[in-house]
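The structure appears right after this line, and notes come after that.
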Amino acid sequence: MRRRPVLAGLAAAPWAVAAASTARPSPRTLRIAFRSAETSFDPPQTNSDGNTLGVLANIFEAPLTYDYLARPVKLQLATAAAMPEVSADGRVFTVRLKPGIFFSDDPAFQGRPRELVAQDHVYALKRFYDPRWNSSDLYIFESLKLPGLSELREKALKTRQPFDYDAEVEGIRALDRYTFRITLGVPDPRFLWRLADAVQMGAVAREVVEAWGDDIGAHPVGTGPFRLTRWRRGSRLELERSPSWRGVRYEGTPAADPVAQRIAAQLRGRTLPLVDRVVVDIIEEDQPRWLAFLEGAHDLLEVPGAYRGLAAPGGTLAPFLARRGIRLQTQLQPDIVMSFFFMEHPLVGGYTPEKVALRRAIGLALDGESYRQQIFGGFGVPAQSVVPPHCSGYDASYRSEMSAFDLARARALLDTYGYVDRDGDGWREQPDGAPLRLVRSCTPTLRDRRINEQWKRAMDAIGLRIAFEPASWPELLKKSRAGTMMIWGYQWTAGSPDGGFFLSIAYGPNASEANDPRFSLPAFDRLFERQRLLPDGPEREALLRQAKNLLVAYMPYKVHLHNLMPDLVQPWVRNYLRHPFMREAWSYVDVGEGRPAA
């Protein structure tokens with residue numbers, strides 16, 4: 001799963017337009033952009049940042065991957081020689097790797113080819129438990145209760161000794177050179193999806209980590225198609241096809257729609273990846289990103305909210321773009337665009353009726369349709385719960401207060417629970433008469449300033465003061481984990497069709513990890529634990545619905561919408577199709593002639 005800034009994605013660096021006019025890029029170079037800075041290129045240290053995960057998924061490999069063009073989505077083999085063997089009780093997964101797969105070159109290998117072996121997966125998974133790396137994704141594995149791994153972590157914490165990677169544990173072990181076995185402490189009917197996550201389940205070479213030490217975040221070395229060659233932090237990333245990459249021929253079963261069929265015909269029989277290099281520019285503002293795309297500096301553009309009405313008025317590609325051969329693709333995303341309230345904060349947190357009423361009133365005051373139009377250019381679906389489309393537990397007919405806009409009810413809630421203007425200055429105080437001042441964290445971008453305007457207008461309308469504290473995206477992630485903010489928001493994007501993940505972001509034991517608000521409600525936790533053990537079906541769906549109802553009632557999250565993502569594709573780009581969950585799609589995209597000349 002991926003955290004992303006609201007509308008984070010394909011972007012341009014401030015100097016990207018100038019760069020496009022001074023040098024003609026290679027026709028085999030895919031040029032894209034991110035709107036927010038990367039975090040760390042070490043899998044356990046990414047903080048689930050979506051942009052960083054997208055890079056790593058093209059460097060590392062999991063045993064499984066997704067069929068690029070299949071809809072509904074389908075798994076296929078990556079480094080695994082066959083689909084994993086699964087025990088009858090859904091707890092034991094045995095994976096056999098293909099021989100002859102090699103890591104990208106690195107000085108740690110001392111000039112010798114380094115083959116992928118089962119022990120690399122054992123080591124990589126254990127790293128998430130190592131206190132040294134302080135992984136924000138540890139909760140994913142802790143919830144599966146892999147026998148012996150938590151005990152190794154506790155021993156390292158208690159003794160303050162290095163984590164014992166050589167200790168044999170039942171949770172994950174190599175059976176032979178190419179076979180490893182994962183044993184869960186609880187059944188997980190959807191664990192196979194996790195084996196397609198190249199960041200959580202990708203292989204890492206131990207000698208690389210030990211050689212680079214604390215600087216491992218700048219030296220990702222995997223078995224995937226690309227390797228990182230240059231990195232200017234927060235500015236530009238450059239990747240190239242790995243010389244040790246084995247080459248993989250496209251195989252897949254495309255969906256019946258014409259676009260997927262056309263792409264499949266173009267890919268059939270070809271060896272991936274189709275480009276030699278990928279260059280990623282980074283910027284935090286929308287306008288340079290938009291202009292850089294128009295100048296031809298980038299091949300793909302996730303259209304910024306401020307420019308969606310210009311690019312696709314009424315949802316149709318603008319004529320001035322169509323005349324240039326630019327294509328529009330839209331897809332409803334498996335994401336939630338949300339704000340959260342830190343539940344341990346003395347003002348907005350808590351579970352007593354007056355605290356719940358305050359959060360609900362704030363939620364009711366936010367105009368979802370205005371938010372959708374002004375921030376997302378009209379692209380998006382009002383959210384009714386934390387579970388997004390394309391995932392189990394999503395019900396298009398489900399309706400709740402999550403999407404409601406009702407200033408009268410908001411004011412009535414505040415009045416009823418004692419949030420009134422006691423001193424006549426036009427602003428409400430807390431029930432005990434103490435000042436009431438909300439603070440929303442944000443990035444210092446024009447986009448977030450526009451979001452802040454929405455919040456300010458809404459809070460003014462119900463008599464609540466609000467202030468805004470800007471910081472960089474990586475800094476906000478750190479503050480969230482430390483619990484030093486009141487209100488913040490971003491996008492959570494699904495990494496698999498398992499909608500249960502979006503309940504895990506409110507599961508009590510995941511506090512300070514995926515559970516940013518540190519929501520803790522025993523009744524909710526019991527529902528989460530019960531649904532996790534069940535196969536998909538009516539019984540699990542009923543539990544998911546009950547859990548969604550509790551999150552609507554207590555409002556630790558205010559989910560604004562699910563993104564209907566509009567992508568612009570340059571005429572010289574072939575084979576691009578956004579996948580709901582797959583991150584390693586760069587291999588399938590081709591770039592031909594036609595970029596603007598210098």
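As shown in the structure tokens, the chain order sets the letters A, B, ...; within each chain, residues go from 1, and ligands are also counted from 1 in the order they appear.
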Exercise: Leu97 (chain A) partners within 6 Å, only C-alpha atoms, chain neighbours under 2 positions left out, as a PyMOL selection string: chain A and resi 79-81+178
Could you write those residues out with C-alpha atoms, as an mmCIF file, in the first residue's frame?
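So selection-v9.cif came out as:
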data_model
loop_
_atom_site.group_PDB
_atom_site.id
_atom_site.type_symbol
_atom_site.label_atom_id
_atom_site.label_comp_id
_atom_site.auth_asym_id
_atom_site.auth_seq_id
_atom_site.Cartn_x
_atom_site.Cartn_y
_atom_site.Cartn_z
ATOM 1 C CA THR A 79 10.932 -14.882 -10.111
ATOM 2 C CA ALA A 80 8.909 -17.880 -8.921
ATOM 3 C CA ALA A 81 9.207 -21.064 -10.993
ATOM 4 C CA TYR A 178 15.978 -21.996 -4.506
#
Which region 14-112 of chain A residues have any atom within 12 Å of an atom of region 522-546 of chain A, and for each, what is the nearest pair of atoms with distance in Å to one decimal, counting only C-alpha atoms, rows sorted by chain and number, as JSON lines?
{"residue": "A:Asp89", "atom": "CA", "partner": "A:Leu533", "partner_atom": "CA", "distance": 10.5}
{"residue": "A:Gly90", "atom": "CA", "partner": "A:Leu533", "partner_atom": "CA", "distance": 9.3}
{"residue": "A:Arg91", "atom": "CA", "partner": "A:Leu533", "partner_atom": "CA", "distance": 10.5}
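For region 55-61 of chain A, the residues within 6 Å (counting only C-alpha atoms, excluding itself and residues fewer than 6 positions away along the chain) are Ala198, Gly202, Gly222, Thr223, Gly224, Phe226, Arg227, Arg583 and Glu584 of chain A.
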Contact residues around Ile182 (chain A) with only C-alpha atoms at 8 Å, ignoring same-chain residues under 2 positions, as a ChimeraX atom specification: /A:92-94,146,170-173,180,184
Spatial neighbours of Ala494 (chain A), 12 Å, only C-alpha atoms, chain gap at least 2 places, as an NGL selection string: :A and (1-4 or 48 or 50 or 193-194 or 197 or 333-337 or 386-392 or 491-492 or 496-505 or 562 or 579-583)
Please produce a file of the residues just selected, as a short mmCIF file (atom, residue, chain, number, x, y, z; two decimals), in the first residue's frame, where the atoms kept are N, CA and C atoms.
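Result file is part_22.cif:
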data_model
loop_
_atom_site.label_atom_id
_atom_site.label_comp_id
_atom_site.auth_asym_id
_atom_site.auth_seq_id
_atom_site.Cartn_x
_atom_site.Cartn_y
_atom_site.Cartn_z
N MET A 1 0.84 -1.19 0.00
CA MET A 1 0.00 0.00 0.00
C MET A 1 0.87 1.25 0.00
N ARG A 2 0.29 2.33 -0.44
CA ARG A 2 1.12 3.49 -0.68
C ARG A 2 0.49 4.75 -0.12
N ARG A 3 1.31 5.52 0.64
CA ARG A 3 0.92 6.87 1.01
C ARG A 3 1.33 7.80 -0.12
N ARG A 4 0.49 8.76 -0.44
CA ARG A 4 0.86 9.74 -1.45
C ARG A 4 0.30 11.09 -1.06
N SER A 48 6.15 3.83 3.24
CA SER A 48 5.04 3.55 2.31
C SER A 48 4.77 4.72 1.38
N GLY A 50 4.32 6.44 -1.90
CA GLY A 50 3.94 5.86 -3.18
C GLY A 50 4.94 6.07 -4.29
N TRP A 193 -1.60 -12.35 -2.70
CA TRP A 193 -1.48 -11.00 -3.26
C TRP A 193 -0.22 -10.33 -2.73
N ARG A 194 0.11 -10.59 -1.48
CA ARG A 194 1.28 -9.95 -0.88
C ARG A 194 2.57 -10.43 -1.55
N ASP A 197 4.14 -8.11 -4.15
CA ASP A 197 4.61 -6.78 -3.76
C ASP A 197 6.14 -6.76 -3.78
N GLN A 333 -9.59 5.01 -9.31
CA GLN A 333 -8.44 4.49 -8.57
C GLN A 333 -8.86 3.72 -7.30
N PRO A 334 -8.07 2.71 -6.93
CA PRO A 334 -8.30 2.04 -5.65
C PRO A 334 -7.64 2.84 -4.53
N ASP A 335 -8.13 4.06 -4.32
CA ASP A 335 -7.50 4.94 -3.34
C ASP A 335 -8.54 5.68 -2.52
N ILE A 336 -8.07 6.26 -1.45
CA ILE A 336 -8.90 7.18 -0.67
C ILE A 336 -8.11 8.49 -0.51
N VAL A 337 -8.78 9.59 -0.80
CA VAL A 337 -8.23 10.91 -0.53
C VAL A 337 -8.87 11.36 0.77
N VAL A 386 -13.83 4.09 4.08
CA VAL A 386 -12.39 4.03 3.85
C VAL A 386 -12.02 2.99 2.80
N VAL A 387 -12.94 2.12 2.39
CA VAL A 387 -12.61 1.07 1.43
C VAL A 387 -12.85 1.57 0.01
N PRO A 388 -11.83 1.47 -0.87
CA PRO A 388 -11.95 2.05 -2.20
C PRO A 388 -12.43 1.06 -3.26
N PRO A 389 -12.72 1.56 -4.46
CA PRO A 389 -13.08 0.67 -5.57
C PRO A 389 -11.97 -0.33 -5.88
N HIS A 390 -12.34 -1.39 -6.59
CA HIS A 390 -11.45 -2.48 -7.02
C HIS A 390 -11.02 -3.38 -5.87
N CYS A 391 -11.53 -3.14 -4.66
CA CYS A 391 -11.09 -3.90 -3.49
C CYS A 391 -12.27 -4.62 -2.85
N SER A 392 -11.99 -5.76 -2.23
CA SER A 392 -13.03 -6.45 -1.48
C SER A 392 -13.55 -5.53 -0.39
N GLN A 491 -3.30 10.69 0.25
CA GLN A 491 -3.96 9.56 -0.39
C GLN A 491 -3.34 8.26 0.08
N TRP A 492 -4.19 7.29 0.36
CA TRP A 492 -3.75 5.91 0.52
C TRP A 492 -4.15 5.19 -0.75
N SER A 496 -3.08 -4.04 -3.47
CA SER A 496 -3.67 -5.33 -3.84
C SER A 496 -5.19 -5.20 -3.74
N PRO A 497 -5.93 -6.20 -4.22
CA PRO A 497 -7.39 -6.13 -4.13
C PRO A 497 -7.96 -6.39 -2.74
N ASP A 498 -7.13 -6.53 -1.75
CA ASP A 498 -7.60 -6.82 -0.39
C ASP A 498 -8.05 -5.55 0.30
N GLY A 499 -9.36 -5.34 0.36
CA GLY A 499 -9.90 -4.16 1.02
C GLY A 499 -9.67 -4.16 2.52
N GLY A 500 -9.30 -5.30 3.08
CA GLY A 500 -9.03 -5.34 4.51
C GLY A 500 -7.89 -4.44 4.92
N PHE A 501 -6.97 -4.13 3.97
CA PHE A 501 -5.89 -3.21 4.31
C PHE A 501 -6.45 -1.88 4.81
N PHE A 502 -7.52 -1.41 4.22
CA PHE A 502 -8.05 -0.09 4.57
C PHE A 502 -8.77 -0.11 5.91
N LEU A 503 -8.97 -1.29 6.46
CA LEU A 503 -9.37 -1.36 7.86
C LEU A 503 -8.13 -1.38 8.75
N SER A 504 -7.02 -1.92 8.24
CA SER A 504 -5.81 -1.98 9.06
C SER A 504 -5.27 -0.60 9.38
N ILE A 505 -5.62 0.42 8.60
CA ILE A 505 -5.15 1.77 8.90
C ILE A 505 -5.91 2.39 10.07
N HIS A 562 -12.74 9.12 -3.97
CA HIS A 562 -11.88 8.18 -4.67
C HIS A 562 -11.53 8.83 -6.00
N HIS A 579 -2.50 0.41 -14.26
CA HIS A 579 -2.98 -0.80 -13.59
C HIS A 579 -3.43 -0.42 -12.19
N PRO A 580 -4.52 -1.02 -11.69
CA PRO A 580 -4.99 -0.64 -10.35
C PRO A 580 -3.96 -0.86 -9.24
N PHE A 581 -3.13 -1.89 -9.36
CA PHE A 581 -2.23 -2.25 -8.26
C PHE A 581 -0.77 -2.39 -8.67
N MET A 582 -0.50 -2.66 -9.89
CA MET A 582 0.86 -2.96 -10.34
C MET A 582 1.70 -1.70 -10.38
N ARG A 583 2.91 -1.75 -9.79
CA ARG A 583 3.80 -0.60 -9.78
C ARG A 583 4.92 -0.72 -10.80
#
